[in-house]
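Asker: One structure is given below, represented as C-alpha cells, and several questions about it will come after.
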Amino acid sequence: MPMIDVYAVEGTFADEHSLARDLAAAVMRWEQVPDLKLFRNNTAAFIHDLPAGAISNVVGAGNYVRVQVLTPAGVLDRDKQLGVVKELTEIVAGAAGDPSLTARTWVLLTESPNGGWGVAGHANTGEDLAAAARAEIAAAAGQAAE
C-alpha cells in the first residue's frame with residue numbers, strides 16, 4: 001500500500017485533490033493489487049506546497065516537482081518501475097497544465113522493508129497485508145452468497 005508525496009512550489013497545481021487521487025489510483029494500478037477497500041483506503045498521495053524559492057538546482061531554477069513513492073519491497077519489478085514513473089510524470093505535468101514539466105519532474109521510487117511501515121498502530125508485513133486481503137475477499141464472497 002503505497003504512499004506518494006509530491007513537493008512543488010505553491011500554485012503549481014490548480015486542483016491538488018484530483019492530482020492526489022489520480023496519482024494514488026495510478027500507483028495502485030501499477031502495483032496490480034486487487035481492487036479492495038483495504039488497498040483503496042490505504043493508498044494515498046500527499047501534496048506539499050513549498051514557498052517560492054524553496055526549490056533550486058545549481059543554477060537557481062526552482063520550477064521542479066519531486067514525487068516520492070513508497071511501496072512495500074519487491075512490489076514494482078522493472079517494467080512496473082518504468083511504467084509508474086512515466087505515468088506519474090505525465091499526470092503531474094497534466095495537472096500543472098505544463099507539458100514541459102515532464103523534463104523537470106523527478107520521481108523517486110523507495111521500498112519499505114518488510115514490517116517497515118504501519119497503519120492503525122501496527123507495523124505491517126507482506127503476510128499481514130495478504131491475510132487482510134484474503135479476509136476481505138472471503139467476507140465479500142460470503143455476502144455475495146447470501
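Lettering and numbering for the C-alpha cells are positional, with chains as A, B, ... in the shown order, residues counted from 1 in each chain, and ligands counted from 1 in the shown order.
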What residues in stretch 32-99 of chain A get the DSSP label helix (DSSP H, G or I)? Please answer as a list in words.

Answerer: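 Helix (DSSP H, G or I) members of stretch 32-99 of chain A, listed: Lys37, Leu38, Phe39, Arg40, Arg78, Asp79, Lys80, Gln81, Leu82, Gly83, Val84, Val85, Lys86, Glu87, Leu88, Thr89, Glu90, Ile91, Val92, Ala93, Gly94, Ala95, Ala96 and Pro99 of chain A.
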
Asker: Can you check which parts of stretch 82-139 of chain A lie within 9 Å of stretch 63-67 of chain A? Per residue, the shortest pair of atoms and distance in Å to one decimal, counting only C-alpha atoms, sorted by chain and number, as a tab-separated table.

Answerer:
residue	atom	partner	partner_atom	distance
A:Leu88	CA	A:Val67	CA	8.1
A:Thr89	CA	A:Val67	CA	8.5
A:Val92	CA	A:Val65	CA	8.2
A:Leu101	CA	A:Tyr64	CA	7.4
A:Ala103	CA	A:Tyr64	CA	8.7
A:Arg104	CA	A:Tyr64	CA	4.9
A:Thr105	CA	A:Val65	CA	4.7
A:Trp106	CA	A:Arg66	CA	4.8
A:Val107	CA	A:Val67	CA	4.6
A:Leu108	CA	A:Val67	CA	6.2
A:Leu109	CA	A:Val67	CA	8.5

Asker: I want to know what sits within 12 Å of stretch 112-116 of chain A, based on only C-alpha atoms, with residues of the same chain fewer than 3 positions away left out; could you give that as a PyMOL selection string?

Answerer: chain A and resi 1-3+69-76+109+119+122-129

Asker: Can you pull out the residues contacting A:Ile137? Cut-off 10 Å, using only C-alpha atoms, and skip same-chain residues under 6 positions away; I want them as a VMD selection string.

Answerer: chain A and resid 34 36 to 37 131 143

Asker: Identify, on the basis of only C-alpha atoms, every residue whose closest approach to A:Met28 does not exceed 8 Å; exclude the query and any residue fewer than 4 positions from it along the same chain; express the result as a PDB file with N, CA and C atoms, in the first residue's frame.

Answerer:
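Okay, this is what ended up in selection_39.pdb:
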ATOM      1  N   MET A   1       0.850  -1.168   0.000  1.00  0.00           N
ATOM      2  CA  MET A   1       0.000   0.000   0.000  1.00  0.00           C
ATOM      3  C   MET A   1       0.894   1.229   0.000  1.00  0.00           C
ATOM      4  N   PRO A   2       0.985   1.869  -1.137  1.00  0.00           N
ATOM      5  CA  PRO A   2       1.954   2.966  -1.276  1.00  0.00           C
ATOM      6  C   PRO A   2       1.487   4.284  -0.679  1.00  0.00           C
ATOM      7  N   ALA A  24      -2.608   8.358  -6.691  1.00  0.00           N
ATOM      8  CA  ALA A  24      -2.839   7.164  -5.881  1.00  0.00           C
ATOM      9  C   ALA A  24      -3.443   6.042  -6.731  1.00  0.00           C
ATOM     10  N   GLN A  32      -0.754  -3.556  -9.222  1.00  0.00           N
ATOM     11  CA  GLN A  32      -1.622  -4.663  -9.616  1.00  0.00           C
ATOM     12  C   GLN A  32      -2.189  -5.420  -8.416  1.00  0.00           C
ATOM     13  N   VAL A  33      -2.572  -4.651  -7.388  1.00  0.00           N
ATOM     14  CA  VAL A  33      -3.229  -5.260  -6.238  1.00  0.00           C
ATOM     15  C   VAL A  33      -4.723  -5.360  -6.540  1.00  0.00           C
ATOM     16  N   PHE A  39      -6.942  -1.746   0.060  1.00  0.00           N
ATOM     17  CA  PHE A  39      -5.936  -1.055  -0.748  1.00  0.00           C
ATOM     18  C   PHE A  39      -6.411   0.336  -1.159  1.00  0.00           C
ATOM     19  N   ARG A  40      -7.694   0.472  -1.518  1.00  0.00           N
ATOM     20  CA  ARG A  40      -8.215   1.792  -1.909  1.00  0.00           C
ATOM     21  C   ARG A  40      -8.110   2.800  -0.771  1.00  0.00           C
ATOM     22  N   THR A  43      -4.022   3.620   0.058  1.00  0.00           N
ATOM     23  CA  THR A  43      -3.117   4.103  -0.983  1.00  0.00           C
ATOM     24  C   THR A  43      -3.428   5.587  -1.120  1.00  0.00           C
TER      25      THR A  43
END

Asker: Taking only chain A into account, list the residues labelled strand (DSSP E) by DSSP (computed from the backbone), as a ChimeraX atom specification.

Answerer: /A:3-9,44-50,65-72,105-112,117-119,122-124

Asker: Quick one: everything within 10 Å of A:Ala95, counting only C-alpha atoms, minus sequence neighbours fewer than 6 positions away in the same chain. Send it as a PyMOL selection string.

Answerer: chain A and resi 12-16+18-20+22+89

Asker: Include N, CA, C and O atoms and write out the residues we just selected as a PDB file, in the first residue's frame.

Answerer:
ATOM      1  N   THR A  12       1.541  25.505  -8.225  1.00  0.00           N
ATOM      2  CA  THR A  12       1.859  24.671  -9.392  1.00  0.00           C
ATOM      3  C   THR A  12       0.622  23.934  -9.889  1.00  0.00           C
ATOM      4  O   THR A  12       0.427  23.780 -11.090  1.00  0.00           O
ATOM      5  N   PHE A  13      -0.231  23.511  -8.968  1.00  0.00           N
ATOM      6  CA  PHE A  13      -1.409  22.705  -9.321  1.00  0.00           C
ATOM      7  C   PHE A  13      -2.690  23.420  -8.912  1.00  0.00           C
ATOM      8  O   PHE A  13      -2.834  23.851  -7.774  1.00  0.00           O
ATOM      9  N   ALA A  14      -3.636  23.496  -9.835  1.00  0.00           N
ATOM     10  CA  ALA A  14      -4.916  24.151  -9.554  1.00  0.00           C
ATOM     11  C   ALA A  14      -5.833  23.258  -8.714  1.00  0.00           C
ATOM     12  O   ALA A  14      -6.580  23.740  -7.874  1.00  0.00           O
ATOM     13  N   ASP A  15      -5.775  21.949  -8.926  1.00  0.00           N
ATOM     14  CA  ASP A  15      -6.677  21.019  -8.243  1.00  0.00           C
ATOM     15  C   ASP A  15      -5.845  19.923  -7.582  1.00  0.00           C
ATOM     16  O   ASP A  15      -5.669  18.836  -8.132  1.00  0.00           O
ATOM     17  N   GLU A  16      -5.348  20.213  -6.401  1.00  0.00           N
ATOM     18  CA  GLU A  16      -4.458  19.274  -5.712  1.00  0.00           C
ATOM     19  C   GLU A  16      -5.169  17.988  -5.305  1.00  0.00           C
ATOM     20  O   GLU A  16      -4.572  16.912  -5.331  1.00  0.00           O
ATOM     21  N   SER A  18      -7.635  16.361  -6.846  1.00  0.00           N
ATOM     22  CA  SER A  18      -7.725  15.457  -8.003  1.00  0.00           C
ATOM     23  C   SER A  18      -6.351  14.888  -8.351  1.00  0.00           C
ATOM     24  O   SER A  18      -6.239  13.709  -8.704  1.00  0.00           O
ATOM     25  N   LEU A  19      -5.318  15.713  -8.259  1.00  0.00           N
ATOM     26  CA  LEU A  19      -3.960  15.227  -8.520  1.00  0.00           C
ATOM     27  C   LEU A  19      -3.619  14.095  -7.557  1.00  0.00           C
ATOM     28  O   LEU A  19      -3.129  13.038  -7.977  1.00  0.00           O
ATOM     29  N   ALA A  20      -3.871  14.297  -6.276  1.00  0.00           N
ATOM     30  CA  ALA A  20      -3.560  13.265  -5.277  1.00  0.00           C
ATOM     31  C   ALA A  20      -4.321  11.976  -5.578  1.00  0.00           C
ATOM     32  O   ALA A  20      -3.750  10.878  -5.545  1.00  0.00           O
ATOM     33  N   ASP A  22      -5.573  10.959  -8.488  1.00  0.00           N
ATOM     34  CA  ASP A  22      -5.107  10.358  -9.738  1.00  0.00           C
ATOM     35  C   ASP A  22      -3.769   9.640  -9.555  1.00  0.00           C
ATOM     36  O   ASP A  22      -3.551   8.562 -10.109  1.00  0.00           O
ATOM     37  N   THR A  89       4.724  11.041 -14.021  1.00  0.00           N
ATOM     38  CA  THR A  89       5.280  12.255 -14.632  1.00  0.00           C
ATOM     39  C   THR A  89       4.241  12.917 -15.523  1.00  0.00           C
ATOM     40  O   THR A  89       4.051  14.142 -15.481  1.00  0.00           O
TER      41      THR A  89
END

Asker: Here is a test: counting only C-alpha atoms, which residue of A:Asn42, A:Gly142, A:Arg29, A:Ile4 is nearest to A:Gly118?

Answerer: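 Closest candidate: A:Asn42.
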